[in-house]
Each structure stands twice: as structure tokens, then as C-alpha cells.
$ cat start_0.cif   # mmCIF, C-alpha atoms
data_query
loop_
_atom_site.label_atom_id
_atom_site.label_comp_id
_atom_site.auth_asym_id
_atom_site.auth_seq_id
_atom_site.Cartn_x
_atom_site.Cartn_y
_atom_site.Cartn_z
CA MET A 51 0.00 0.00 0.00
CA SER A 52 1.29 3.46 -0.93
CA SER A 53 1.83 5.99 1.86
CA GLN A 54 -0.49 8.21 -0.16
CA GLU A 55 -3.34 5.69 -0.29
CA GLU A 56 -6.45 6.53 1.73
CA TYR A 57 -9.48 4.37 2.35
CA PHE A 58 -12.58 3.97 4.52
CA LEU A 59 -15.60 1.67 4.78
CA CYS A 60 -19.13 2.81 4.03
CA ARG A 61 -22.13 0.55 3.42
CA GLN A 62 -24.62 3.29 2.58
CA ALA A 63 -24.05 6.63 0.84
CA GLY A 64 -26.80 8.80 -0.58
CA PRO A 65 -26.69 10.40 -4.04
CA GLY A 66 -25.48 13.79 -2.77
CA LEU A 67 -22.68 12.25 -0.73
CA MET A 68 -21.55 10.16 -3.70
CA ASP A 69 -21.32 13.35 -5.79
CA GLU A 70 -19.12 14.93 -3.10
CA LEU A 71 -16.85 11.88 -2.83
CA TRP A 72 -16.32 11.56 -6.58
CA ALA A 73 -15.54 15.28 -6.75
CA GLU A 74 -12.74 14.69 -4.21
CA GLY A 75 -11.16 11.83 -6.16
CA TRP A 76 -12.74 8.94 -4.23
CA ARG A 77 -13.84 5.68 -5.83
CA HIS A 78 -15.07 2.43 -4.31
CA PHE A 79 -15.08 -1.31 -4.79
CA GLY A 80 -17.94 -2.72 -2.78
CA ALA A 81 -18.10 -0.88 0.54
CA VAL A 82 -14.40 0.06 0.45
CA PHE A 83 -13.79 3.65 -0.68
CA PHE A 84 -10.27 4.59 -1.74
CA ARG A 85 -8.09 7.16 -3.46
CA TYR A 86 -4.37 7.23 -4.17
CA ARG A 87 -1.94 9.43 -6.07
CA ARG A 88 0.69 6.90 -7.14
CA TRP A 89 0.42 3.54 -8.90
CA ARG A 90 3.20 0.99 -9.36
CA HIS A 91 2.94 -0.62 -12.80
CA CYS A 92 5.57 -2.69 -14.64
CA GLY A 93 8.34 -1.37 -12.41
CA GLN A 94 7.31 2.29 -12.81
CA THR A 95 5.67 4.72 -10.42
CA LEU A 96 2.85 6.52 -12.23
CA THR A 97 0.89 9.63 -11.21
CA VAL A 98 -2.80 8.86 -10.87
CA THR A 99 -5.23 11.34 -12.45
CA PRO A 100 -8.95 11.07 -11.61
CA LEU A 101 -11.04 12.00 -14.64
CA ARG A 102 -14.57 13.22 -15.17
CA MET A 103 -16.53 14.16 -18.28
CA ASP A 104 -18.79 17.19 -18.48
CA VAL A 105 -21.44 15.53 -20.61
CA GLU A 106 -22.86 18.91 -21.66
CA ARG A 107 -19.53 19.63 -23.42
CA PHE A 108 -19.05 16.15 -24.86
CA ALA A 109 -19.41 15.31 -28.54
CA PRO A 110 -17.97 12.12 -30.07
CA SER A 111 -14.91 12.38 -32.29
CA ARG A 112 -14.82 11.01 -35.82
CA SER A 113 -13.32 7.71 -34.67
CA GLN A 114 -15.88 7.46 -31.85
CA ARG A 115 -18.70 8.04 -34.33
CA ARG A 116 -17.30 5.13 -36.32
CA VAL A 117 -17.49 2.97 -33.17
CA LEU A 118 -21.14 4.00 -32.72
CA GLY A 119 -21.86 3.15 -36.35
CA ARG A 120 -20.10 -0.20 -36.08
CA ASN A 121 -22.38 -1.14 -33.19
CA ARG A 122 -25.66 0.20 -34.55
CA ASP A 123 -27.04 -3.34 -34.61
CA LEU A 124 -26.65 -3.82 -30.86
CA ARG A 125 -29.42 -3.52 -28.27
CA VAL A 126 -28.89 -1.81 -24.89
CA GLU A 127 -30.81 -2.48 -21.67
CA VAL A 128 -30.36 -0.58 -18.39
CA ARG A 129 -31.26 -2.54 -15.25
CA PRO A 130 -30.59 -2.36 -11.49
CA THR A 131 -27.44 -4.41 -11.02
CA ALA A 132 -27.96 -8.08 -10.20
CA LEU A 133 -25.14 -10.55 -10.77
CA ASP A 134 -26.88 -13.33 -12.65
CA ALA A 135 -25.44 -16.30 -14.56
CA GLU A 136 -25.27 -14.29 -17.78
CA LEU A 137 -22.91 -11.72 -16.22
CA TRP A 138 -20.80 -14.36 -14.49
CA ARG A 139 -20.25 -16.22 -17.77
CA MET A 140 -19.10 -13.02 -19.43
CA PHE A 141 -16.78 -12.22 -16.54
CA GLU A 142 -15.10 -15.62 -16.78
CA ALA A 143 -14.44 -15.07 -20.50
CA HIS A 144 -13.34 -11.46 -20.00
CA ARG A 145 -10.91 -12.19 -17.15
CA ARG A 146 -8.93 -14.63 -19.31
CA ARG A 147 -7.72 -11.65 -21.37
CA PHE A 148 -5.49 -10.48 -18.52
CA ARG A 149 -1.88 -11.62 -18.15
CA ALA A 150 -1.35 -9.76 -14.85
CA ASP A 151 -3.58 -8.42 -12.08
CA THR A 152 -6.30 -10.83 -13.12
CA PRO A 153 -9.49 -10.23 -11.11
CA ASP A 154 -10.80 -13.21 -9.15
CA SER A 155 -14.45 -12.25 -8.97
CA LEU A 156 -16.98 -9.58 -9.83
CA HIS A 157 -17.14 -9.12 -6.07
CA ASP A 158 -13.64 -7.63 -6.31
CA PHE A 159 -15.56 -4.60 -7.62
CA LEU A 160 -19.19 -4.96 -6.58
CA SER A 161 -20.83 -5.68 -3.23
CA TYR A 162 -23.11 -8.64 -2.54
CA ALA A 163 -26.07 -6.27 -2.87
CA PRO A 164 -24.67 -4.28 -5.81
CA ALA A 165 -27.84 -2.42 -6.78
CA GLU A 166 -27.89 -0.56 -3.45
CA VAL A 167 -24.66 -1.09 -1.46
CA PRO A 168 -23.03 1.32 -1.03
CA CYS A 169 -25.17 3.32 -3.50
CA ARG A 170 -27.51 2.91 -6.43
CA ASN A 171 -25.84 0.99 -9.26
CA GLU A 172 -27.16 0.14 -12.72
CA THR A 173 -25.86 -2.16 -15.43
CA LEU A 174 -25.79 -1.12 -19.07
CA ARG A 175 -26.19 -4.50 -20.77
CA VAL A 176 -25.33 -4.67 -24.47
CA TYR A 177 -26.80 -7.48 -26.61
CA SER A 178 -26.22 -8.82 -30.08
CA GLY A 179 -29.54 -10.52 -30.67
CA GLU A 180 -30.08 -12.44 -27.44
CA ARG A 181 -26.38 -12.77 -26.60
CA LEU A 182 -24.78 -10.49 -24.02
CA VAL A 183 -21.62 -8.93 -25.49
CA ALA A 184 -20.77 -6.16 -22.96
CA ALA A 185 -21.71 -4.83 -19.54
CA HIS A 186 -20.90 -1.53 -17.85
CA PHE A 187 -21.59 -1.14 -14.11
CA LEU A 188 -22.55 2.45 -13.34
CA ASP A 189 -23.03 4.18 -9.97
CA VAL A 190 -25.73 6.84 -9.89
CA GLY A 191 -25.55 10.03 -7.85
CA ARG A 192 -27.64 13.20 -7.85
CA ARG A 193 -25.61 15.16 -10.43
CA ALA A 194 -23.16 12.52 -11.64
CA THR A 195 -22.58 8.89 -12.52
CA SER A 196 -19.39 6.87 -12.11
CA ALA A 197 -18.11 3.71 -13.79
CA VAL A 198 -17.22 0.88 -11.41
CA TYR A 199 -16.26 -1.88 -13.87
CA SER A 200 -16.72 -2.73 -17.53
CA MET A 201 -16.34 -6.02 -19.40
CA PHE A 202 -17.04 -7.48 -22.82
CA ASP A 203 -17.01 -10.71 -24.81
CA PRO A 204 -13.45 -11.15 -26.17
CA GLU A 205 -14.91 -12.69 -29.34
CA GLU A 206 -16.39 -9.25 -30.12
CA SER A 207 -13.14 -7.29 -29.72
CA ARG A 208 -13.40 -5.83 -33.24
CA ARG A 209 -16.35 -3.75 -32.04
CA SER A 210 -14.23 -1.65 -29.59
CA LEU A 211 -16.79 -2.30 -26.88
CA GLY A 212 -14.69 -0.62 -24.18
CA ILE A 213 -15.02 2.66 -26.05
CA TYR A 214 -18.64 1.94 -26.95
CA THR A 215 -19.79 1.45 -23.36
CA ILE A 216 -18.14 4.73 -22.30
CA LEU A 217 -20.07 6.48 -25.07
CA LEU A 218 -23.27 4.77 -23.90
CA ALA A 219 -22.67 5.76 -20.27
CA ALA A 220 -22.01 9.39 -21.20
CA GLU A 221 -25.22 9.59 -23.23
CA HIS A 222 -27.21 7.80 -20.52
CA THR A 223 -25.89 10.32 -17.98
CA ARG A 224 -26.84 13.28 -20.16
CA ARG A 225 -30.34 11.98 -20.91
CA ALA A 226 -30.95 11.49 -17.19
CA GLY A 227 -30.21 15.18 -16.60
CA ARG A 228 -26.91 14.65 -14.79
CA ARG A 229 -23.84 16.79 -15.45
CA TYR A 230 -20.80 14.56 -14.95
CA TYR A 231 -19.71 11.05 -15.82
CA TYR A 232 -16.60 9.69 -14.03
CA PRO A 233 -14.85 7.07 -16.21
CA GLY A 234 -12.24 6.32 -13.53
CA TYR A 235 -8.55 7.00 -13.21
CA ALA A 236 -5.87 7.51 -15.83
CA CYS A 237 -2.21 8.55 -15.35
CA ARG A 238 -0.16 11.60 -16.23
CA GLU A 239 2.44 9.30 -17.76
CA PRO A 240 1.63 6.81 -20.55
CA SER A 241 -0.37 3.88 -19.15
CA PRO A 242 -2.91 1.21 -20.20
CA TYR A 243 -5.64 3.74 -19.35
CA ASP A 244 -4.67 6.38 -21.94
CA TYR A 245 -7.77 5.56 -23.99
CA LYS A 246 -9.86 7.26 -21.28
CA LYS A 247 -8.23 10.59 -22.16
CA ASN A 248 -9.55 10.56 -25.73
CA PHE A 249 -12.96 12.10 -25.05
CA ALA A 250 -14.09 15.71 -25.37
CA GLY A 251 -15.29 17.51 -22.25
CA LEU A 252 -12.82 15.84 -19.89
CA GLU A 253 -11.55 17.35 -16.65
CA GLU A 254 -8.76 16.13 -14.36
CA TYR A 255 -8.43 16.42 -10.59
CA ASP A 256 -5.32 18.19 -9.27
CA TRP A 257 -5.38 16.59 -5.75
CA ARG A 258 -5.76 20.09 -4.30
CA GLY A 259 -9.54 20.13 -4.50
CA ARG A 260 -9.85 21.55 -8.02
CA TRP A 261 -10.80 20.20 -11.43
CA HIS A 262 -9.19 21.51 -14.62
CA SER A 263 -10.00 20.99 -18.27
CA LEU A 264 -7.93 18.21 -19.82
CA ALA A 265 -6.56 19.39 -23.16
CA GLU A 266 -8.52 17.76 -25.95
CA GLY A 267 -6.47 15.09 -27.63
CA ALA A 268 -4.50 14.17 -24.49
CA GLY A 269 -3.35 10.61 -24.87
CA ARG A 270 -3.99 10.75 -28.62
CA ALA A 271 -1.12 8.34 -29.16
CA ALA A 272 -3.41 5.69 -27.68
CA ALA A 273 -6.35 6.55 -29.88
CA THR A 274 -7.94 3.14 -29.67
CA ASP A 275 -9.18 1.14 -26.74
CA PRO A 276 -6.36 -1.24 -25.68
CA ALA A 277 -9.05 -3.70 -24.67
CA ALA A 278 -10.30 -3.80 -28.25
#
$ encode --input "start_0.cif" --output "C-alpha cells"
Amino acid sequence: MSSQEEYFLCRQAGPGLMDELWAEGWRHFGAVFFRYRRWRHCGQTLTVTPLRMDVERFAPSRSQRRVLGRNRDLRVEVRPTALDAELWRMFEAHRRRFRADTPDSLHDFLSYAPAEVPCRNETLRVYSGERLVAAHFLDVGRRATSAVYSMFDPEESRRSLGIYTILLAAEHTRRAGRRYYYPGYACREPSPYDYKKNFAGLEEYDWRGRWHSLAEGAGRAAATDPAA
């Protein structure tokens, strides 16, 4: 554990409190809330940068519009999160993609009552016909939403479903009348999460209580989803 890592336990947090915590760089897995400024990856120490998207300022880029077009045939359902057999089968296929830091369980990220502990959580389920091809677990606050975990069927990697579900979550957030969507952390230095920087309307947290606009095109060298 880094000396700069902070954490606390909370089983119930209302929508307003979740907005406040996200705005201060906090995230959670289950009932464990955490934030940290440094991340050790492949022998390097990287500077963690919490990100959020102002969905009122977001518009998809040309390449993101191509992703939307490529997936026009898919069907999206939004449900309160319940970890059924369909999701567990996808998780088992998805986790085999990882060569390091392989997750053991969806409960590494979600509580045993994920729709309500520690806050309201919804799943954006993406189907090709009747087959589930992607899922995006989304916390819901009063003025914001926040991604907890995302996964997809590796056989559908050509669809860039990691990018697609971010686009879906941003649009879902906007249509619900909320202002911000938190896609999670990235790093100041190059990292596997650079694809998160390739969206308009992004802001980054400076760890001094302020959010600043992230220059459009940051991380452009990683213009595609590495999970695709």
C-alpha cells in the first residue's frame, strides 16, 4: 500500500454524498472507498489522475462516431445491477484476457447487494440478438454517474466495446439530466488507461480540491481502446 493511499468503509451513501466523494477523487469497490496518487505498474511509479466528463460539453470524435456506427445493430438495456449467470459467464471469459492483475471475482468490484450497497448501481447491458456482449456497471448520484467496472465478450473485440460502453454511459448520464460522468482514473504518464483521455469535455483532478479541463487530444497516441 502506498503511503499516499487513503481508504474507509461505508455501506450506505446517498446520491449527494456520492457526488461529493467523486468530486474529491474517491472511488469504491464494494463498501471500500479509496483514493491514491501513485500507482506501481511494470516497475514504474505513475501519477494517478482522476477524470470526469462534463457531458454537456461532450461530442464524439470522428473515430468514436465510427465505433457507434459499427455497433448500430446492438441492443442496450439498463437494469438495477444483479449478478446473474449471464454476467458471471461473461466475466469468466473477460478475465482470461489479462496476463497480470487478473481479477478473481466480480465481487472484487461490486458488493453482494450491488444495486444498493453502497449506492444505487445500474448495469448497461449490451446485446447482439439475445447474446450479451458487454456490460458496464454504473453508480448513480444526484448530479453525476461513475463507472465501477466494464467487461465485454473477447470474441467481439473488433467492435471496440470498451469505447462503446463509455459512449453509452455518457449519453445515458446526459439523458438522465446529470452533469458529470466519471470514467475512472488515468495517469499523467503513458499507461494502459490512456484511452480514457480521448474524449471531449474531460476534466482532471489536481489533488488540491480543483478540477481543470484536460486538453482535448491528451493521450492521442493511444487513440484506440487497448481492450479492443
$ resolve_selection --input "start_0.cif" --expression "the PyMOL selection byres ((chain A and resi 192) around 7)" --output "PDB file with C-alpha atoms, in the frame of the given file"
ATOM      1  CA  PRO A  65     -26.690  10.400  -4.040  1.00  0.00           C
ATOM      2  CA  GLY A  66     -25.480  13.790  -2.770  1.00  0.00           C
ATOM      3  CA  ASP A  69     -21.320  13.350  -5.790  1.00  0.00           C
ATOM      4  CA  VAL A 190     -25.730   6.840  -9.890  1.00  0.00           C
ATOM      5  CA  GLY A 191     -25.550  10.030  -7.850  1.00  0.00           C
ATOM      6  CA  ARG A 193     -25.610  15.160 -10.430  1.00  0.00           C
ATOM      7  CA  ALA A 194     -23.160  12.520 -11.640  1.00  0.00           C
TER       8      ALA A 194
END
$ residues_around --input "start_0.cif" --residues "His262 of chain A" --least-positions-apart "4" --cutoff "7 Å" --atoms "all atoms listed in the file" --output "list of chain:residue names"
A:Glu253, A:Glu254, A:Tyr255
$ closest_atom_pairs --input "start_0.cif" --of "segment 101-152 of chain A" --to "segment 216-219 of chain A" --cutoff "12 Å" --atoms "all atoms listed in the file" --output "CSV"
residue,atom,partner,partner_atom,distance
A:Arg102,CA,A:Ile216,CA,11.6
A:Met103,CA,A:Ile216,CA,10.4
A:Val105,CA,A:Ala219,CA,9.9
A:Phe108,CA,A:Leu217,CA,9.7
A:Ala109,CA,A:Leu217,CA,9.5
A:Pro110,CA,A:Leu217,CA,7.8
A:Ser111,CA,A:Leu217,CA,10.7
A:Ser113,CA,A:Leu217,CA,11.8
A:Gln114,CA,A:Leu217,CA,8.0
A:Arg115,CA,A:Leu217,CA,9.5
A:Arg116,CA,A:Leu217,CA,11.7
A:Val117,CA,A:Leu217,CA,9.2
A:Leu118,CA,A:Leu217,CA,8.1
A:Gly119,CA,A:Leu217,CA,11.9
A:Asn121,CA,A:Leu218,CA,11.0
A:Arg122,CA,A:Leu218,CA,11.8
A:Leu124,CA,A:Leu218,CA,11.6
A:Arg125,CA,A:Leu218,CA,11.2
A:Val126,CA,A:Leu218,CA,8.7
A:Glu127,CA,A:Leu218,CA,10.7
A:Val128,CA,A:Ala219,CA,10.1
$ resolve_selection --input "start_0.cif" --expression "the PyMOL selection byres ((chain A and resi 138) around 12)" --output "number ranges by chain"
A: 132-137, 139-145, 154-157, 182, 184-185, 201-203
$ atom_distance --input "start_0.cif" --atom1 "atom CA of Gln62 of chain A" --atom2 "atom CA of Arg170 of chain A"
9.5 Å
$ closest_residue --input "start_0.cif" --among "A:His222, A:Arg61, A:Arg88, A:Arg77" --to "Cys237 of chain A" --atoms "all atoms listed in the file"
A:Arg88
$ atom_distance --input "start_0.cif" --atom1 "atom CA of Tyr232 of chain A" --atom2 "atom CA of Trp72 of chain A"
7.7 Å
$ atom_distance --input "start_0.cif" --atom1 "atom CA of Ala81 of chain A" --atom2 "atom CA of Tyr162 of chain A"
9.7 Å
$ closest_residue --input "start_0.cif" --among "A:Arg209, A:Ser200, A:Ala165, A:Pro100" --to "Gly80 of chain A" --atoms "all atoms listed in the file"
A:Ala165
$ closest_residue --input "start_0.cif" --among "A:Arg107, A:Thr152, A:Glu221, A:Glu206" --to "Arg181 of chain A" --atoms "only C-alpha atoms"
A:Glu206
$ closest_residue --input "start_0.cif" --among "A:Asp104, A:Glu180, A:Glu56, A:Asp189" --to "Arg129 of chain A" --atoms "only C-alpha atoms"
A:Asp189
$ resolve_selection --input "start_0.cif" --expression "the PyMOL selection byres ((chain A and resi 83) around 12)" --output "ChimeraX atom specification"
/A:55-63,68,71-72,74-82,84-86,159-161,167-169,198
$ closest_residue --input "start_0.cif" --among "A:Pro233, A:Gly64, A:Pro242, A:Gly259" --to "His91 of chain A" --atoms "only C-alpha atoms"
A:Pro242
$ closest_residue --input "start_0.cif" --among "A:Thr99, A:Gln94, A:Ser263, A:Thr215" --to "Arg175 of chain A" --atoms "all atoms listed in the file"
A:Thr215
